[in-house]
>>> print(open('target_34.tsv').read())   # TSV, C-alpha atoms
chain	number	residue	atom	x	y	z
A	17	MET	CA	-146.08	-45.66	58.93
A	18	TRP	CA	-144.41	-48.71	60.55
A	19	PHE	CA	-147.75	-49.95	61.90
A	20	THR	CA	-149.43	-49.58	58.48
A	21	ASP	CA	-146.66	-51.55	56.74
A	22	PHE	CA	-146.90	-54.28	59.39
A	23	VAL	CA	-150.67	-54.62	58.94
A	24	VAL	CA	-150.39	-54.72	55.11
A	25	GLY	CA	-147.57	-57.29	55.28
A	26	THR	CA	-149.54	-59.47	57.69
A	27	LEU	CA	-152.59	-59.36	55.44
A	28	ILE	CA	-150.52	-60.32	52.37
A	29	PHE	CA	-148.85	-63.19	54.25
A	30	THR	CA	-152.20	-64.46	55.54
A	31	PHE	CA	-153.72	-64.22	52.04
A	32	MET	CA	-150.85	-66.22	50.49
A	33	LEU	CA	-151.07	-68.80	53.26
A	34	ILE	CA	-154.77	-69.30	52.58
A	35	ILE	CA	-154.13	-69.65	48.83
A	36	TYR	CA	-151.32	-72.18	49.44
A	37	TYR	CA	-153.37	-74.46	51.65
A	38	THR	CA	-156.41	-74.21	49.42
A	39	TYR	CA	-154.31	-75.15	46.37
A	40	THR	CA	-152.62	-78.01	48.23
A	41	VAL	CA	-155.95	-79.46	49.37
A	42	ASN	CA	-157.32	-79.18	45.83
A	43	ILE	CA	-154.26	-80.95	44.38
A	44	SER	CA	-154.58	-83.68	46.98
A	45	LYS	CA	-158.28	-84.12	46.14
A	46	GLN	CA	-157.48	-84.15	42.40
A	47	ASP	CA	-154.76	-86.80	42.86
A	48	SER	CA	-157.17	-88.87	44.92
A	49	LEU	CA	-159.86	-88.64	42.25
A	50	THR	CA	-157.37	-89.53	39.49
A	51	ALA	CA	-156.08	-92.53	41.43
A	52	ARG	CA	-159.65	-93.71	41.97
A	53	ASP	CA	-160.42	-93.30	38.25
A	54	LEU	CA	-157.28	-95.27	37.33
A	55	LEU	CA	-158.24	-98.09	39.68
A	56	LEU	CA	-161.77	-98.22	38.29
A	57	ASP	CA	-160.49	-98.20	34.71
A	58	VAL	CA	-157.82	-100.87	35.20
A	59	GLU	CA	-160.44	-103.09	36.83
A	60	SER	CA	-162.78	-102.46	33.89
A	61	VAL	CA	-160.09	-103.15	31.26
A	62	SER	CA	-158.99	-106.39	32.93
A	63	SER	CA	-162.59	-107.58	33.31
A	64	SER	CA	-163.26	-106.86	29.65
A	65	LEU	CA	-160.20	-108.83	28.53
A	66	LEU	CA	-161.21	-111.82	30.64
A	67	LEU	CA	-164.51	-112.06	28.77
A	68	GLY	CA	-165.10	-113.25	25.24
A	69	GLY	CA	-165.82	-109.82	23.75
A	70	PHE	CA	-168.79	-108.78	21.66
A	71	PRO	CA	-169.97	-110.07	19.30
A	72	ASP	CA	-168.85	-113.52	20.37
A	73	ASN	CA	-166.75	-114.20	17.24
A	74	TRP	CA	-165.65	-110.60	16.84
A	75	ASN	CA	-163.05	-109.46	14.38
A	76	ASN	CA	-161.40	-106.12	13.79
A	77	GLY	CA	-164.29	-104.94	11.66
A	78	THR	CA	-167.14	-106.00	13.96
A	79	VAL	CA	-165.68	-105.59	17.45
A	80	GLN	CA	-167.74	-103.62	19.96
A	81	SER	CA	-166.10	-104.97	23.11
A	82	ILE	CA	-162.62	-106.50	23.36
A	83	GLY	CA	-162.31	-109.87	25.06
A	84	VAL	CA	-159.54	-112.40	24.52
A	85	THR	CA	-160.82	-115.56	26.22
A	86	ASN	CA	-163.53	-118.12	25.60
A	87	SER	CA	-165.35	-116.56	28.58
A	88	ASN	CA	-163.78	-119.20	30.82
A	89	GLN	CA	-160.39	-117.55	31.40
A	90	ARG	CA	-158.82	-119.67	28.65
A	91	LEU	CA	-157.01	-117.48	26.14
A	92	ASN	CA	-158.47	-117.58	22.64
A	93	ARG	CA	-155.70	-117.39	20.04
A	94	THR	CA	-157.74	-115.71	17.32
A	95	LYS	CA	-159.19	-113.05	19.61
A	96	PHE	CA	-155.80	-112.31	21.15
A	97	LEU	CA	-154.18	-111.84	17.72
A	98	ASN	CA	-157.09	-109.65	16.64
A	99	PHE	CA	-156.56	-107.54	19.77
A	100	GLU	CA	-152.89	-107.09	18.88
A	101	GLU	CA	-153.80	-105.88	15.38
A	102	LEU	CA	-156.30	-103.22	16.51
A	103	PRO	CA	-155.08	-99.58	16.41
A	104	TYR	CA	-154.05	-98.46	19.89
A	105	ASN	CA	-156.37	-95.42	20.07
A	106	LYS	CA	-159.31	-97.56	18.97
A	107	THR	CA	-158.66	-100.03	21.79
A	108	LYS	CA	-158.69	-97.20	24.34
A	109	LYS	CA	-162.10	-96.10	23.09
A	110	LEU	CA	-163.41	-99.66	23.20
A	111	PHE	CA	-162.11	-100.06	26.76
A	112	GLY	CA	-163.72	-96.72	27.67
A	113	THR	CA	-160.57	-95.19	29.14
A	114	VAL	CA	-158.64	-92.01	28.48
A	115	TYR	CA	-155.53	-93.41	30.14
A	116	ASP	CA	-152.62	-95.25	28.55
A	117	TYR	CA	-152.17	-98.97	29.15
A	118	PHE	CA	-149.94	-101.96	28.47
A	119	VAL	CA	-150.76	-105.67	28.78
A	120	PHE	CA	-148.22	-108.48	29.12
A	121	PHE	CA	-147.91	-111.94	30.65
A	122	THR	CA	-145.65	-113.61	33.19
A	123	ASP	CA	-145.08	-117.25	34.07
A	124	GLU	CA	-145.10	-118.82	37.53
A	125	ASP	CA	-141.55	-117.53	38.10
A	126	SER	CA	-142.57	-113.96	37.16
A	127	ASN	CA	-140.59	-114.09	33.90
A	128	ILE	CA	-142.08	-112.16	30.98
A	129	THR	CA	-143.47	-114.75	28.58
A	130	SER	CA	-144.56	-114.34	24.98
A	131	VAL	CA	-148.11	-115.31	24.08
A	132	GLU	CA	-148.61	-116.30	20.46
A	133	GLY	CA	-145.18	-114.76	19.84
A	134	ILE	CA	-146.20	-111.40	21.34
A	135	CYS	CA	-144.41	-109.86	24.33
A	136	GLY	CA	-147.06	-107.25	25.08
A	137	ILE	CA	-149.87	-105.10	23.69
A	138	GLY	CA	-150.62	-101.44	24.32
A	139	ASP	CA	-148.85	-98.10	24.27
A	140	PRO	CA	-146.39	-98.25	21.32
A	141	GLU	CA	-143.86	-96.25	23.33
A	142	ILE	CA	-143.32	-99.18	25.70
A	143	ASN	CA	-140.22	-101.15	24.77
A	144	SER	CA	-141.13	-104.83	24.43
A	145	SER	CA	-138.35	-106.85	22.81
A	146	TYR	CA	-137.23	-110.45	22.40
A	147	ASP	CA	-134.31	-112.03	24.20
A	148	ILE	CA	-132.79	-113.66	21.10
A	149	ARG	CA	-129.73	-112.99	18.96
A	150	SER	CA	-130.68	-113.26	15.31
A	151	ALA	CA	-129.12	-112.74	11.89
A	152	TYR	CA	-130.54	-112.01	8.46
A	153	TYR	CA	-128.93	-112.48	5.04
A	154	TYR	CA	-130.16	-111.38	1.62
A	155	ASP	CA	-128.36	-111.29	-1.70
A	156	ASN	CA	-129.92	-108.19	-3.28
A	157	PRO	CA	-132.54	-105.54	-2.32
A	158	GLY	CA	-135.17	-107.08	-4.60
A	159	ASP	CA	-135.28	-110.17	-2.39
A	160	SER	CA	-135.25	-108.66	1.09
A	161	PHE	CA	-138.89	-109.09	2.08
A	162	LEU	CA	-138.15	-110.01	5.70
A	163	LYS	CA	-135.47	-107.38	6.31
A	164	ASP	CA	-137.68	-104.76	7.99
A	165	PHE	CA	-139.21	-107.31	10.32
A	166	MET	CA	-135.88	-108.84	11.25
A	167	VAL	CA	-134.32	-105.46	12.01
A	168	ASN	CA	-137.28	-103.76	13.69
A	169	SER	CA	-138.74	-106.69	15.64
A	170	LEU	CA	-135.72	-108.89	16.36
A	171	ASP	CA	-132.87	-106.37	16.12
A	172	ALA	CA	-131.10	-108.76	13.75
A	173	ASP	CA	-127.55	-108.39	12.50
A	174	VAL	CA	-127.78	-107.96	8.72
A	175	TYR	CA	-125.45	-109.60	6.19
A	176	SER	CA	-125.60	-109.04	2.44
A	177	GLU	CA	-123.60	-108.78	-0.76
A	178	GLU	CA	-124.69	-105.14	-0.85
A	179	SER	CA	-122.09	-102.50	-0.11
A	180	GLY	CA	-121.88	-101.62	3.57
A	181	TYR	CA	-122.62	-105.12	4.90
A	182	GLU	CA	-120.54	-108.15	5.74
A	183	ASP	CA	-121.05	-111.01	3.28
A	184	PHE	CA	-122.29	-114.60	3.47
A	185	ASP	CA	-118.94	-115.98	4.58
A	186	ALA	CA	-118.98	-113.56	7.52
A	187	LEU	CA	-122.46	-114.74	8.49
A	188	VAL	CA	-121.31	-118.35	8.58
A	189	ASP	CA	-118.19	-117.41	10.55
A	190	ASN	CA	-120.47	-115.85	13.21
A	191	ILE	CA	-123.42	-118.22	12.92
A	192	ASN	CA	-122.89	-119.91	16.30
A	193	ASN	CA	-123.45	-116.53	17.99
A	194	TYR	CA	-127.11	-116.65	16.98
A	195	GLY	CA	-130.20	-118.58	17.94
A	196	PHE	CA	-132.23	-117.72	14.84
A	197	VAL	CA	-130.99	-117.16	11.27
A	198	VAL	CA	-132.90	-116.22	8.12
A	199	ILE	CA	-131.27	-116.68	4.70
A	200	GLU	CA	-133.40	-115.19	1.94
A	201	HIS	CA	-132.77	-116.11	-1.71
A	202	PRO	CA	-128.96	-116.31	-1.46
A	203	MET	CA	-128.30	-117.90	-4.91
A	204	LEU	CA	-125.01	-119.31	-3.65
A	205	GLN	CA	-122.33	-120.48	-6.02
A	206	THR	CA	-121.72	-124.21	-5.62
A	207	SER	CA	-118.24	-123.68	-4.17
A	208	VAL	CA	-119.55	-121.23	-1.55
A	209	PHE	CA	-122.38	-123.61	-0.68
A	210	ASN	CA	-120.01	-126.56	-0.29
A	211	ASP	CA	-117.56	-124.58	1.85
A	212	ASN	CA	-120.25	-123.41	4.29
A	213	LYS	CA	-122.89	-126.15	4.46
A	214	GLY	CA	-121.15	-127.97	7.31
A	215	GLU	CA	-121.23	-124.94	9.63
A	216	ILE	CA	-124.88	-124.25	8.77
A	217	GLU	CA	-125.81	-127.86	9.52
A	218	ASN	CA	-123.93	-127.74	12.83
A	219	PHE	CA	-125.84	-124.58	13.75
A	220	ALA	CA	-129.21	-126.27	13.15
A	221	ALA	CA	-128.18	-129.60	14.69
A	222	ASN	CA	-127.11	-127.85	17.89
A	223	GLY	CA	-130.53	-126.29	18.42
A	224	GLY	CA	-130.55	-123.29	16.09
A	225	LEU	CA	-133.63	-122.23	14.11
A	226	LEU	CA	-133.01	-121.72	10.39
A	227	MET	CA	-135.39	-120.18	7.86
A	228	LEU	CA	-134.52	-120.49	4.16
A	229	SER	CA	-136.26	-119.15	1.07
A	230	GLY	CA	-135.78	-118.98	-2.67
A	231	GLU	CA	-132.84	-120.31	-4.64
A	232	ILE	CA	-130.35	-121.56	-2.09
A	233	VAL	CA	-127.66	-122.82	-4.49
A	234	SER	CA	-127.19	-122.51	-8.24
A	235	ALA	CA	-126.64	-126.27	-8.72
A	236	GLN	CA	-129.59	-128.66	-8.73
A	237	GLY	CA	-130.10	-131.32	-6.11
A	238	LYS	CA	-127.52	-130.08	-3.60
A	239	GLU	CA	-128.16	-131.44	-0.10
A	240	MET	CA	-128.06	-129.55	3.22
A	241	VAL	CA	-129.89	-129.82	6.58
A	242	GLY	CA	-131.53	-133.05	5.50
A	243	VAL	CA	-133.09	-131.95	2.18
A	244	GLU	CA	-132.15	-131.36	-1.45
A	245	PHE	CA	-132.81	-128.02	-3.15
A	246	TYR	CA	-134.23	-127.64	-6.66
A	247	LYS	CA	-135.45	-125.02	-9.10
A	248	LYS	CA	-138.45	-125.93	-11.25
A	249	SER	CA	-137.63	-126.20	-14.93
A	250	GLY	CA	-140.69	-124.17	-15.91
A	251	GLN	CA	-141.53	-120.74	-14.49
A	252	SER	CA	-144.91	-119.98	-16.09
A	253	GLU	CA	-147.85	-119.23	-13.82
A	254	SER	CA	-149.04	-122.82	-14.03
A	255	ASN	CA	-145.61	-123.97	-12.81
A	256	ARG	CA	-145.69	-121.50	-9.90
A	257	ASN	CA	-149.27	-122.10	-8.81
A	258	ALA	CA	-149.51	-123.89	-5.44
A	259	THR	CA	-152.05	-124.96	-2.82
A	260	VAL	CA	-151.97	-125.32	0.95
A	261	VAL	CA	-152.23	-129.05	1.62
A	262	ALA	CA	-151.67	-129.28	5.38
A	263	GLU	CA	-152.35	-127.13	8.40
A	264	ASP	CA	-149.33	-125.94	10.34
A	265	GLU	CA	-149.29	-125.02	14.03
A	266	PHE	CA	-147.40	-121.81	13.28
A	267	LEU	CA	-148.52	-120.69	9.82
A	268	ALA	CA	-152.13	-119.52	9.74
A	269	PHE	CA	-152.75	-120.99	6.28
A	270	SER	CA	-155.98	-122.87	5.60
A	271	VAL	CA	-156.02	-126.06	3.57
A	272	GLY	CA	-157.11	-125.33	0.01
A	273	GLU	CA	-155.84	-121.73	-0.14
A	274	ASN	CA	-154.10	-120.78	-3.36
A	275	ILE	CA	-150.62	-119.22	-3.54
A	276	ILE	CA	-148.81	-118.16	-6.71
A	277	PHE	CA	-145.08	-117.75	-6.12
A	278	ARG	CA	-143.06	-115.32	-8.22
A	279	GLN	CA	-140.34	-117.95	-8.55
A	280	ALA	CA	-140.71	-121.70	-8.18
A	281	TYR	CA	-138.21	-123.58	-6.03
A	282	TYR	CA	-138.76	-126.66	-3.91
A	283	VAL	CA	-137.16	-129.12	-1.51
A	284	GLU	CA	-137.15	-132.90	-1.34
A	285	ASN	CA	-136.88	-134.84	1.90
A	286	GLN	CA	-133.74	-136.85	2.62
A	287	ALA	CA	-132.81	-139.10	5.51
A	288	GLY	CA	-131.55	-136.27	7.75
A	289	ALA	CA	-134.86	-134.36	7.84
A	290	GLU	CA	-137.08	-135.53	10.69
A	291	ASN	CA	-140.82	-134.82	10.98
A	292	PHE	CA	-140.74	-133.44	7.45
A	293	THR	CA	-144.09	-131.74	6.72
A	294	GLU	CA	-145.13	-130.46	3.30
A	295	ILE	CA	-147.39	-127.48	3.98
A	296	VAL	CA	-147.76	-126.05	0.46
A	297	GLU	CA	-147.34	-128.04	-2.76
A	298	PHE	CA	-147.11	-126.97	-6.40
A	299	ASN	CA	-150.26	-127.97	-8.23
A	300	GLU	CA	-148.40	-129.26	-11.27
A	301	ASP	CA	-146.25	-131.92	-9.66
A	302	GLY	CA	-146.82	-131.95	-5.90
A	303	LYS	CA	-143.35	-130.66	-5.06
A	304	ALA	CA	-142.90	-129.01	-1.63
A	305	ALA	CA	-143.04	-125.22	-1.98
A	306	VAL	CA	-143.31	-124.66	1.80
A	307	ALA	CA	-142.08	-127.22	4.31
A	308	ARG	CA	-140.91	-127.48	7.89
A	309	TRP	CA	-138.80	-130.14	9.57
A	310	SER	CA	-136.47	-130.94	12.45
A	311	TYR	CA	-132.74	-131.30	12.03
A	312	GLY	CA	-130.84	-132.61	15.02
A	313	ASN	CA	-131.89	-130.49	17.99
A	314	GLY	CA	-132.96	-127.56	15.79
A	315	GLY	CA	-135.60	-126.74	13.21
A	316	VAL	CA	-135.78	-125.59	9.59
A	317	PHE	CA	-138.49	-123.74	7.63
A	318	TYR	CA	-138.34	-123.47	3.82
A	319	PHE	CA	-140.31	-121.16	1.49
A	320	SER	CA	-140.15	-121.19	-2.29
A	321	ASP	CA	-140.37	-117.38	-2.36
A	322	MET	CA	-141.56	-114.49	-0.21
A	323	ASP	CA	-142.94	-112.64	-3.23
A	324	THR	CA	-146.38	-114.14	-3.86
A	325	ASP	CA	-149.95	-113.61	-4.89
A	326	TYR	CA	-151.73	-114.75	-1.74
A	327	PHE	CA	-155.38	-113.81	-1.92
A	328	ALA	CA	-156.20	-114.79	1.68
A	329	GLY	CA	-154.03	-112.03	3.15
A	330	ASP	CA	-150.51	-110.65	3.36
A	331	PHE	CA	-148.06	-113.50	2.84
A	332	VAL	CA	-145.09	-111.80	4.51
A	333	ASP	CA	-147.21	-110.88	7.54
A	334	GLU	CA	-148.27	-114.52	7.88
A	335	VAL	CA	-144.62	-115.58	7.75
A	336	THR	CA	-143.46	-113.05	10.34
A	337	ASP	CA	-146.28	-114.05	12.69
A	338	ALA	CA	-145.21	-117.66	12.24
A	339	ILE	CA	-141.59	-116.77	13.07
A	340	LEU	CA	-142.58	-115.36	16.45
A	341	GLU	CA	-144.71	-118.39	17.31
A	342	TRP	CA	-142.21	-120.91	15.96
A	343	GLY	CA	-139.30	-119.31	17.76
A	344	ASN	CA	-141.22	-118.88	21.02
A	345	PHE	CA	-138.55	-116.35	21.92
A	346	ARG	CA	-138.25	-115.19	25.51
A	347	CYS	CA	-139.14	-111.58	26.19
A	348	ASN	CA	-136.93	-109.00	27.81
A	349	PRO	CA	-138.29	-107.32	30.96
A	350	ILE	CA	-140.95	-104.67	30.35
A	351	THR	CA	-139.67	-101.22	31.30
A	352	LEU	CA	-141.55	-97.93	31.55
A	353	GLY	CA	-138.38	-95.86	31.54
A	354	ASN	CA	-139.08	-94.15	28.23
A	355	ILE	CA	-142.50	-92.76	29.24
A	356	GLN	CA	-143.51	-90.05	31.68
A	357	TYR	CA	-146.45	-90.51	34.06
A	358	GLU	CA	-147.90	-88.89	37.17
A	359	ASN	CA	-149.98	-91.80	38.45
A	360	LEU	CA	-149.77	-95.51	37.67
A	361	VAL	CA	-151.74	-98.58	38.74
A	362	LYS	CA	-151.20	-102.28	38.14
A	363	ILE	CA	-153.48	-105.30	38.22
A	364	GLU	CA	-152.84	-109.03	37.72
A	365	ARG	CA	-155.35	-111.61	36.54
A	366	VAL	CA	-154.83	-115.33	35.95
A	367	VAL	CA	-155.62	-116.88	32.55
A	368	ILE	CA	-154.98	-120.29	31.02
A	369	TYR	CA	-152.62	-120.42	28.03
A	370	ASP	CA	-151.45	-123.70	26.48
A	371	SER	CA	-153.08	-125.54	29.39
A	372	LYS	CA	-150.93	-123.63	31.90
A	373	PRO	CA	-151.84	-120.72	34.17
A	374	VAL	CA	-150.13	-117.41	33.41
A	375	LYS	CA	-150.59	-113.97	34.90
A	376	MET	CA	-152.02	-111.25	32.71
A	377	VAL	CA	-150.46	-108.01	33.97
A	378	ILE	CA	-151.99	-104.64	33.09
A	379	TYR	CA	-150.38	-101.25	33.69
A	380	LEU	CA	-152.60	-98.16	33.42
A	381	TRP	CA	-151.25	-94.64	33.86
A	382	GLN	CA	-151.85	-90.95	33.51
>>> encode(input="target_34.tsv", output="structure tokens")
Amino acid sequence: MWFTDFVVGTLIFTFMLIIYYTYTVNISKQDSLTARDLLLDVESVSSSLLLGGFPDNWNNGTVQSIGVTNSNQRLNRTKFLNFEELPYNKTKKLFGTVYDYFVFFTDEDSNITSVEGICGIGDPEINSSYDIRSAYYYDNPGDSFLKDFMVNSLDADVYSEESGYEDFDALVDNINNYGFVVIEHPMLQTSVFNDNKGEIENFAANGGLLMLSGEIVSAQGKEMVGVEFYKKSGQSESNRNATVVAEDEFLAFSVGENIIFRQAYYVENQAGAENFTEIVEFNEDGKAAVARWSYGNGGVFYFSDMDTDYFAGDFVDEVTDAILEWGNFRCNPITLGNIQYENLVKIERVVIYDSKPVKMVIYLWQ
């Protein structure tokens, strides 16, 4: 009986040992194959991005192969922005990979750098954020077109006259804590405007970026940050109809495009506004509906309204894209802490952006 039990036990032990080693070898082979696939795919993805794509002037409707350069390792702005707008799953199919990926850029000191205002492209679960403190003010919910962008993309502190928020005075009290401030259609009483204009001007003069839109102050011709603010006397469609008259390095408007603003406000240049550029003018009288200028060490952007009929695209999207390029905000480090993976590979390729070499870094993982 003892001998029989010993033989059976030995056979079972030997059988389990064989299964264990067979399984371990298979896992090792599988890991090796997966790692090889990842390396092949990351090489393929990076090579594709370094080309011009197909067709040569591809857009999101015609793209068959994604490439973001002019085929000479110089980044093409239009192609890169088109890449960012493509749905993530579609890009994986176009790259021919089943694995997840993320693409970002670093400078010569290995700092994450934004390209065209974008910190990275790829898996939406990767946290790519901007290293900037920002604030956003709106008077009422009907004029809060930039709120979602400011909160979701820039993690802005929100101020408003709505219940639950600190008001305009609180924003101005804290304004020097920020690098970028958006004030959307505040309709300030003259006394409030007069009490706070000095602090707002100091913010811009000391290097802050300020974006204003709509009716800034109820009184006509009040001056701040180098310009005077006005409301057009007429508000019919002919009064609100405007045309792009100058190209801007940040706004992707084309000269001649038509914009009809819901409300017509404008600014006039004064001595304190440097490099004042009228980008959009009202057809009726040539007043500046959209303008950008320098003030001290900072910059100011003004928009008549964010609520428009803009037949060339989505007006708010164009503005938010311009914010990221105009601000040129630094990016926080890319972290993979919120994703789970078994295998991961990384590749770096050099491209030219704004006449400077930067590293394009690609992570690919299972």
>>> closest_residue(input="target_34.tsv", among="A:Glu265, A:Asp321, A:Glu364, A:Glu141", to="Val306 (chain A)", atoms="all atoms listed in the file")
A:Asp321
>>> atom_distance(input="target_34.tsv", atom1="CA of Tyr154 (chain A)", atom2="CA of Glu244 (chain A)")
20.3 Å
>>> closest_residue(input="target_34.tsv", among="A:Asp264, A:Ile199, A:Val316, A:Asn274", to="Ile295 (chain A)", atoms="all atoms listed in the file")
A:Asp264
>>> residues_around(input="target_34.tsv", residues="Thr78 (chain A)", least_positions_apart="4", cutoff="12 Å", atoms="all atoms listed in the file", output="list of chain:residue names")
A:Gly69, A:Phe70, A:Pro71, A:Asp72, A:Asn73, A:Trp74, A:Ile82, A:Asn98, A:Leu102, A:Leu110
>>> write_last_selection(input="target_34.tsv", atoms="C-alpha atoms", output="short mmCIF file (atom, residue, chain, number, x, y, z; two decimals), in the coordinates of the input")
data_model
loop_
_atom_site.label_atom_id
_atom_site.label_comp_id
_atom_site.auth_asym_id
_atom_site.auth_seq_id
_atom_site.Cartn_x
_atom_site.Cartn_y
_atom_site.Cartn_z
CA GLY A 69 -165.82 -109.82 23.75
CA PHE A 70 -168.79 -108.78 21.66
CA PRO A 71 -169.97 -110.07 19.30
CA ASP A 72 -168.85 -113.52 20.37
CA ASN A 73 -166.75 -114.20 17.24
CA TRP A 74 -165.65 -110.60 16.84
CA ILE A 82 -162.62 -106.50 23.36
CA ASN A 98 -157.09 -109.65 16.64
CA LEU A 102 -156.30 -103.22 16.51
CA LEU A 110 -163.41 -99.66 23.20
#
>>> atom_distance(input="target_34.tsv", atom1="CA of Phe317 (chain A)", atom2="CA of Val243 (chain A)")
11.2 Å
>>> residues_around(input="target_34.tsv", residues="region 286-294 of chain A", least_positions_apart="4", cutoff="12 Å", atoms="all atoms listed in the file", output="JSON, numbers by chain")
{"A": [217, 220, 221, 237, 238, 239, 240, 241, 242, 243, 244, 245, 258, 259, 260, 261, 262, 263, 264, 265, 271, 282, 298, 302, 303, 304, 305, 306, 307, 308, 309, 310, 311, 312, 313, 314, 315, 316, 317, 318, 319, 320]}
>>> write_last_selection(input="target_34.tsv", atoms="C-alpha atoms", output="PDB file, in the frame of the given file")
ATOM      1  CA  GLU A 217    -125.810-127.860   9.520  1.00  0.00           C
ATOM      2  CA  ALA A 220    -129.210-126.270  13.150  1.00  0.00           C
ATOM      3  CA  ALA A 221    -128.180-129.600  14.690  1.00  0.00           C
ATOM      4  CA  GLY A 237    -130.100-131.320  -6.110  1.00  0.00           C
ATOM      5  CA  LYS A 238    -127.520-130.080  -3.600  1.00  0.00           C
ATOM      6  CA  GLU A 239    -128.160-131.440  -0.100  1.00  0.00           C
ATOM      7  CA  MET A 240    -128.060-129.550   3.220  1.00  0.00           C
ATOM      8  CA  VAL A 241    -129.890-129.820   6.580  1.00  0.00           C
ATOM      9  CA  GLY A 242    -131.530-133.050   5.500  1.00  0.00           C
ATOM     10  CA  VAL A 243    -133.090-131.950   2.180  1.00  0.00           C
ATOM     11  CA  GLU A 244    -132.150-131.360  -1.450  1.00  0.00           C
ATOM     12  CA  PHE A 245    -132.810-128.020  -3.150  1.00  0.00           C
ATOM     13  CA  ALA A 258    -149.510-123.890  -5.440  1.00  0.00           C
ATOM     14  CA  THR A 259    -152.050-124.960  -2.820  1.00  0.00           C
ATOM     15  CA  VAL A 260    -151.970-125.320   0.950  1.00  0.00           C
ATOM     16  CA  VAL A 261    -152.230-129.050   1.620  1.00  0.00           C
ATOM     17  CA  ALA A 262    -151.670-129.280   5.380  1.00  0.00           C
ATOM     18  CA  GLU A 263    -152.350-127.130   8.400  1.00  0.00           C
ATOM     19  CA  ASP A 264    -149.330-125.940  10.340  1.00  0.00           C
ATOM     20  CA  GLU A 265    -149.290-125.020  14.030  1.00  0.00           C
ATOM     21  CA  VAL A 271    -156.020-126.060   3.570  1.00  0.00           C
ATOM     22  CA  TYR A 282    -138.760-126.660  -3.910  1.00  0.00           C
ATOM     23  CA  PHE A 298    -147.110-126.970  -6.400  1.00  0.00           C
ATOM     24  CA  GLY A 302    -146.820-131.950  -5.900  1.00  0.00           C
ATOM     25  CA  LYS A 303    -143.350-130.660  -5.060  1.00  0.00           C
ATOM     26  CA  ALA A 304    -142.900-129.010  -1.630  1.00  0.00           C
ATOM     27  CA  ALA A 305    -143.040-125.220  -1.980  1.00  0.00           C
ATOM     28  CA  VAL A 306    -143.310-124.660   1.800  1.00  0.00           C
ATOM     29  CA  ALA A 307    -142.080-127.220   4.310  1.00  0.00           C
ATOM     30  CA  ARG A 308    -140.910-127.480   7.890  1.00  0.00           C
ATOM     31  CA  TRP A 309    -138.800-130.140   9.570  1.00  0.00           C
ATOM     32  CA  SER A 310    -136.470-130.940  12.450  1.00  0.00           C
ATOM     33  CA  TYR A 311    -132.740-131.300  12.030  1.00  0.00           C
ATOM     34  CA  GLY A 312    -130.840-132.610  15.020  1.00  0.00           C
ATOM     35  CA  ASN A 313    -131.890-130.490  17.990  1.00  0.00           C
ATOM     36  CA  GLY A 314    -132.960-127.560  15.790  1.00  0.00           C
ATOM     37  CA  GLY A 315    -135.600-126.740  13.210  1.00  0.00           C
ATOM     38  CA  VAL A 316    -135.780-125.590   9.590  1.00  0.00           C
ATOM     39  CA  PHE A 317    -138.490-123.740   7.630  1.00  0.00           C
ATOM     40  CA  TYR A 318    -138.340-123.470   3.820  1.00  0.00           C
ATOM     41  CA  PHE A 319    -140.310-121.160   1.490  1.00  0.00           C
ATOM     42  CA  SER A 320    -140.150-121.190  -2.290  1.00  0.00           C
TER      43      SER A 320
END
>>> residues_around(input="target_34.tsv", residues="Glu132 (chain A)", least_positions_apart="6", cutoff="12 Å", atoms="all atoms listed in the file", output="list in words")
Leu91, Asn92, Arg93, Thr94, Lys95, Phe96, Leu97, Asn98, Phe99, Glu100, Phe120, Phe121, Glu265, Phe266, Leu267, Ala268, Thr336, Asp337, Ala338, Ile339, Leu340, Glu341, Trp342, Gly343, Asn344, Phe345, Arg346, Tyr369 and Asp370 of chain A
>>> closest_residue(input="target_34.tsv", among="A:Asn193, A:Ser160, A:Asn255, A:Ser169", to="Gly230 (chain A)", atoms="only C-alpha atoms")
A:Ser160
>>> residues_around(input="target_34.tsv", residues="region 170-179 of chain A", least_positions_apart="5", cutoff="9 Å", atoms="all atoms listed in the file", output="list in words")
Ser145, Tyr146, Asp147, Ile148, Arg149, Ser150, Ala151, Tyr152, Tyr153, Tyr154, Asp155, Asn156, Pro157, Lys163, Phe165, Phe184, Ala186, Leu187, Val197 and Pro202 of chain A
>>> atom_distance(input="target_34.tsv", atom1="CA of Tyr115 (chain A)", atom2="CA of Asp57 (chain A)")
8.3 Å
>>> closest_residue(input="target_34.tsv", among="A:Trp381, A:Glu253, A:Val366, A:Phe111", to="Glu124 (chain A)", atoms="all atoms listed in the file")
A:Val366
>>> residues_near_point(input="target_34.tsv", point="(-158.8, -94.3, 36.9)", cutoff="12 Å", atoms="only C-alpha atoms", output="MDAnalysis selection string")
chainID A and resid 46:61 112:117 359:362 379:382
